[in-house]
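Student: One structure follows; several queries about it will come next.
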Amino acid sequence: MFFYKKRWFNVIAQLKKRGLFYYCNIATPFLIEDKIIKYIDYDLDLRVFPDGGHRVLDKNEYNYHRKLMKYPEELDMIIQSELQSLIMMKKANEGPFNRQLVDYYYDKYRKMKKD
């Protein structure tokens with residue numbers, strides 16, 4: 001799982017038998033409080049498939065909560081912009097979408113698990 005201090009999303013790389021999937025949450029930058037990672041999830045998600053395709057999920061849920069909770073226009077603009085930035089990162093295979101980076105951290109995890 002990839003968290004960012006200044007980005008409004010986090011990314012979960014899922015190594016499955018059918019390939020590498022990603023589940024990306026549009027959310028506030030994280031903070032750690034009392035050893036707990038905290039963030040606000042804004043419902044919009046990006047699902048990335050092993051073939052490189054992607055789909056934006058939960059648009060209706062986001063729009064419902066945006067109206068119900070009266071998100072300010074500035075917040076909506078940040079969320080939409082960060083979603084587009086996330087899609088661009090995916091298209092460019094940057095950050096967590098770089099398979100070598102995922103493999104590097106997975107190898108570290110497996111070594112730590114052995115110890």
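Please note that chains go A, B, ... in the order of the structure tokens, that every chain numbers its residues from 1, and that ligands are numbered from 1 in the order shown.
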What's the 7 Å shell around stretch 5-15 of chain A, counting only C-alpha atoms, without same-chain residues fewer than 3 positions away, as a ChimeraX atom specification?

Tutor: /A:1-2,19-30,82

Student: Do a neighbour search on A:Arg55 at 10 Å with only C-alpha atoms, toss out local chain neighbours closer than 6 positions, and write the hits as an mmCIF file with N, CA and C atoms, in the first residue's frame.

Tutor:
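File produced: around_29.cif:
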data_model
loop_
_atom_site.group_PDB
_atom_site.id
_atom_site.type_symbol
_atom_site.label_atom_id
_atom_site.label_comp_id
_atom_site.auth_asym_id
_atom_site.auth_seq_id
_atom_site.Cartn_x
_atom_site.Cartn_y
_atom_site.Cartn_z
ATOM 1 N N ASP A 45 -12.948 5.879 -6.521
ATOM 2 C CA ASP A 45 -11.851 4.912 -6.567
ATOM 3 C C ASP A 45 -11.449 4.690 -8.014
ATOM 4 N N LEU A 46 -10.206 4.267 -8.173
ATOM 5 C CA LEU A 46 -9.716 3.883 -9.487
ATOM 6 C C LEU A 46 -9.276 2.433 -9.394
ATOM 7 N N ARG A 47 -9.808 1.610 -10.268
ATOM 8 C CA ARG A 47 -9.435 0.194 -10.345
ATOM 9 C C ARG A 47 -8.593 0.027 -11.595
ATOM 10 N N VAL A 48 -7.412 -0.581 -11.438
ATOM 11 C CA VAL A 48 -6.514 -0.815 -12.571
ATOM 12 C C VAL A 48 -6.341 -2.318 -12.728
ATOM 13 N N PHE A 49 -6.453 -2.785 -13.943
ATOM 14 C CA PHE A 49 -6.428 -4.207 -14.258
ATOM 15 C C PHE A 49 -5.074 -4.617 -14.844
ATOM 16 N N ILE A 87 -4.678 8.989 -12.704
ATOM 17 C CA ILE A 87 -4.824 8.319 -14.004
ATOM 18 C C ILE A 87 -3.591 8.570 -14.875
#

Student: Can you list every residue in chain A that DSSP puts in helix (DSSP H, G or I), as a VMD selection string?

Tutor: chain A and resid 59 to 68 73 to 91 95 to 97 99 to 114

Student: Let's see if you can do this: from backbone DSSP, list all strand (DSSP E or B) residues in chain A, as a PyMOL selection string.

Tutor: chain A and resi 2+9-16+19-27+31-33+36-38+41-48+54-57

Student: Export, as a short mmCIF file (atom, residue, chain, number, x, y, z; two decimals), in the first residue's frame, the selected residues with N, CA, C and O atoms.

Tutor:
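Okay, part_31.cif is ready:
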data_model
loop_
_atom_site.label_atom_id
_atom_site.label_comp_id
_atom_site.auth_asym_id
_atom_site.auth_seq_id
_atom_site.Cartn_x
_atom_site.Cartn_y
_atom_site.Cartn_z
N PHE A 2 0.55 2.19 -0.84
CA PHE A 2 1.33 3.41 -0.99
C PHE A 2 0.52 4.59 -0.46
O PHE A 2 -0.60 4.82 -0.93
N PHE A 9 -4.63 10.75 -2.56
CA PHE A 9 -4.96 9.37 -2.90
C PHE A 9 -4.00 8.42 -2.21
O PHE A 9 -2.94 8.83 -1.75
N ASN A 10 -4.41 7.16 -2.13
CA ASN A 10 -3.51 6.09 -1.73
C ASN A 10 -3.77 4.92 -2.67
O ASN A 10 -4.82 4.85 -3.31
N VAL A 11 -2.77 4.06 -2.79
CA VAL A 11 -2.82 3.02 -3.81
C VAL A 11 -2.48 1.67 -3.18
O VAL A 11 -1.49 1.55 -2.47
N ILE A 12 -3.31 0.68 -3.46
CA ILE A 12 -3.08 -0.68 -3.00
C ILE A 12 -2.73 -1.52 -4.22
O ILE A 12 -3.52 -1.62 -5.16
N ALA A 13 -1.51 -2.09 -4.21
CA ALA A 13 -1.10 -3.01 -5.28
C ALA A 13 -1.51 -4.41 -4.82
O ALA A 13 -1.20 -4.81 -3.70
N GLN A 14 -2.24 -5.12 -5.67
CA GLN A 14 -2.75 -6.45 -5.31
C GLN A 14 -2.16 -7.49 -6.24
O GLN A 14 -2.53 -7.58 -7.42
N LEU A 15 -1.23 -8.27 -5.72
CA LEU A 15 -0.61 -9.35 -6.49
C LEU A 15 -1.51 -10.57 -6.40
O LEU A 15 -1.63 -11.19 -5.36
N LYS A 16 -2.15 -10.87 -7.52
CA LYS A 16 -3.08 -12.00 -7.57
C LYS A 16 -2.61 -12.99 -8.62
O LYS A 16 -1.77 -12.67 -9.46
N GLY A 19 -2.72 -11.72 -12.08
CA GLY A 19 -1.89 -10.58 -12.42
C GLY A 19 -1.92 -9.50 -11.35
O GLY A 19 -2.48 -9.68 -10.27
N LEU A 20 -1.31 -8.37 -11.67
CA LEU A 20 -1.21 -7.25 -10.75
C LEU A 20 -2.40 -6.30 -10.96
O LEU A 20 -2.58 -5.74 -12.03
N PHE A 21 -3.19 -6.16 -9.91
CA PHE A 21 -4.33 -5.25 -9.90
C PHE A 21 -3.98 -4.09 -8.96
O PHE A 21 -3.13 -4.23 -8.08
N TYR A 22 -4.67 -2.97 -9.12
CA TYR A 22 -4.53 -1.85 -8.20
C TYR A 22 -5.91 -1.37 -7.79
O TYR A 22 -6.83 -1.35 -8.61
N TYR A 23 -6.01 -1.00 -6.53
CA TYR A 23 -7.21 -0.35 -6.03
C TYR A 23 -6.75 0.97 -5.44
O TYR A 23 -5.93 0.98 -4.51
N CYS A 24 -7.24 2.06 -5.97
CA CYS A 24 -6.77 3.39 -5.59
C CYS A 24 -7.93 4.17 -4.97
O CYS A 24 -8.98 4.30 -5.59
N ASN A 25 -7.70 4.67 -3.79
CA ASN A 25 -8.69 5.48 -3.09
C ASN A 25 -8.39 6.95 -3.27
O ASN A 25 -7.25 7.38 -3.05
N ILE A 26 -9.38 7.73 -3.64
CA ILE A 26 -9.24 9.18 -3.61
C ILE A 26 -9.54 9.57 -2.16
O ILE A 26 -10.62 9.30 -1.64
N ALA A 27 -8.54 10.16 -1.51
CA ALA A 27 -8.63 10.42 -0.07
C ALA A 27 -7.67 11.55 0.30
O ALA A 27 -6.75 11.88 -0.46
N LEU A 31 -2.21 11.03 7.71
CA LEU A 31 -1.46 11.46 8.88
C LEU A 31 -1.40 10.26 9.83
O LEU A 31 -2.21 9.34 9.74
N ILE A 32 -0.41 10.26 10.66
CA ILE A 32 -0.27 9.18 11.64
C ILE A 32 -0.48 9.78 13.01
O ILE A 32 0.17 10.76 13.40
N GLU A 33 -1.43 9.20 13.73
CA GLU A 33 -1.77 9.66 15.07
C GLU A 33 -1.89 8.44 15.98
O GLU A 33 -2.65 7.51 15.66
N ILE A 36 -1.54 5.14 14.28
CA ILE A 36 -2.63 4.76 13.38
C ILE A 36 -2.60 5.66 12.16
O ILE A 36 -2.50 6.89 12.29
N ILE A 37 -2.66 5.07 10.97
CA ILE A 37 -2.73 5.84 9.73
C ILE A 37 -4.17 6.30 9.56
O ILE A 37 -5.10 5.50 9.59
N LYS A 38 -4.34 7.62 9.36
CA LYS A 38 -5.68 8.18 9.22
C LYS A 38 -5.78 9.00 7.94
O LYS A 38 -4.83 9.68 7.55
N ASP A 41 -11.63 9.17 3.23
CA ASP A 41 -11.88 8.58 1.92
C ASP A 41 -13.07 9.30 1.29
O ASP A 41 -14.11 9.46 1.92
N TYR A 42 -12.91 9.72 0.03
CA TYR A 42 -13.96 10.46 -0.66
C TYR A 42 -14.74 9.62 -1.66
O TYR A 42 -15.30 10.15 -2.62
N ASP A 43 -14.81 8.35 -1.47
CA ASP A 43 -15.64 7.42 -2.25
C ASP A 43 -15.13 7.09 -3.65
O ASP A 43 -15.20 5.95 -4.06
N LEU A 44 -14.63 8.08 -4.37
CA LEU A 44 -14.15 7.81 -5.73
C LEU A 44 -12.95 6.87 -5.67
O LEU A 44 -12.05 7.05 -4.84
N ASP A 45 -12.95 5.88 -6.52
CA ASP A 45 -11.85 4.91 -6.57
C ASP A 45 -11.45 4.69 -8.01
O ASP A 45 -12.24 4.87 -8.94
N LEU A 46 -10.21 4.27 -8.17
CA LEU A 46 -9.72 3.88 -9.49
C LEU A 46 -9.28 2.43 -9.39
O LEU A 46 -8.49 2.08 -8.53
N ARG A 47 -9.81 1.61 -10.27
CA ARG A 47 -9.44 0.19 -10.34
C ARG A 47 -8.59 0.03 -11.60
O ARG A 47 -9.00 0.45 -12.68
N VAL A 48 -7.41 -0.58 -11.44
CA VAL A 48 -6.51 -0.82 -12.57
C VAL A 48 -6.34 -2.32 -12.73
O VAL A 48 -6.11 -3.03 -11.74
N HIS A 54 -8.35 0.58 -16.96
CA HIS A 54 -8.76 1.12 -15.66
C HIS A 54 -10.22 1.56 -15.72
O HIS A 54 -10.78 1.77 -16.79
N ARG A 55 -10.79 1.69 -14.55
CA ARG A 55 -12.18 2.13 -14.43
C ARG A 55 -12.31 2.98 -13.17
O ARG A 55 -11.81 2.61 -12.11
N VAL A 56 -12.99 4.12 -13.29
CA VAL A 56 -13.31 4.95 -12.13
C VAL A 56 -14.58 4.36 -11.51
O VAL A 56 -15.57 4.14 -12.20
N LEU A 57 -14.52 4.12 -10.22
CA LEU A 57 -15.63 3.49 -9.50
C LEU A 57 -16.31 4.48 -8.55
O LEU A 57 -15.69 5.43 -8.09
#

Student: So which one's closest to A:Gly53, A:Lys35, A:Lys108, A:Arg66, A:Lys91? Using only C-alpha atoms, please.

Tutor: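 Smallest separation from A:Gly53 among the options: A:Lys91.
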
Student: Please compute the atom CA of A:Lys70-atom CA of A:Ile40 distance, one decimal, in Å.

Tutor: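 About the pair atom CA of A:Lys70 and atom CA of A:Ile40: they are 15.3 Å apart.
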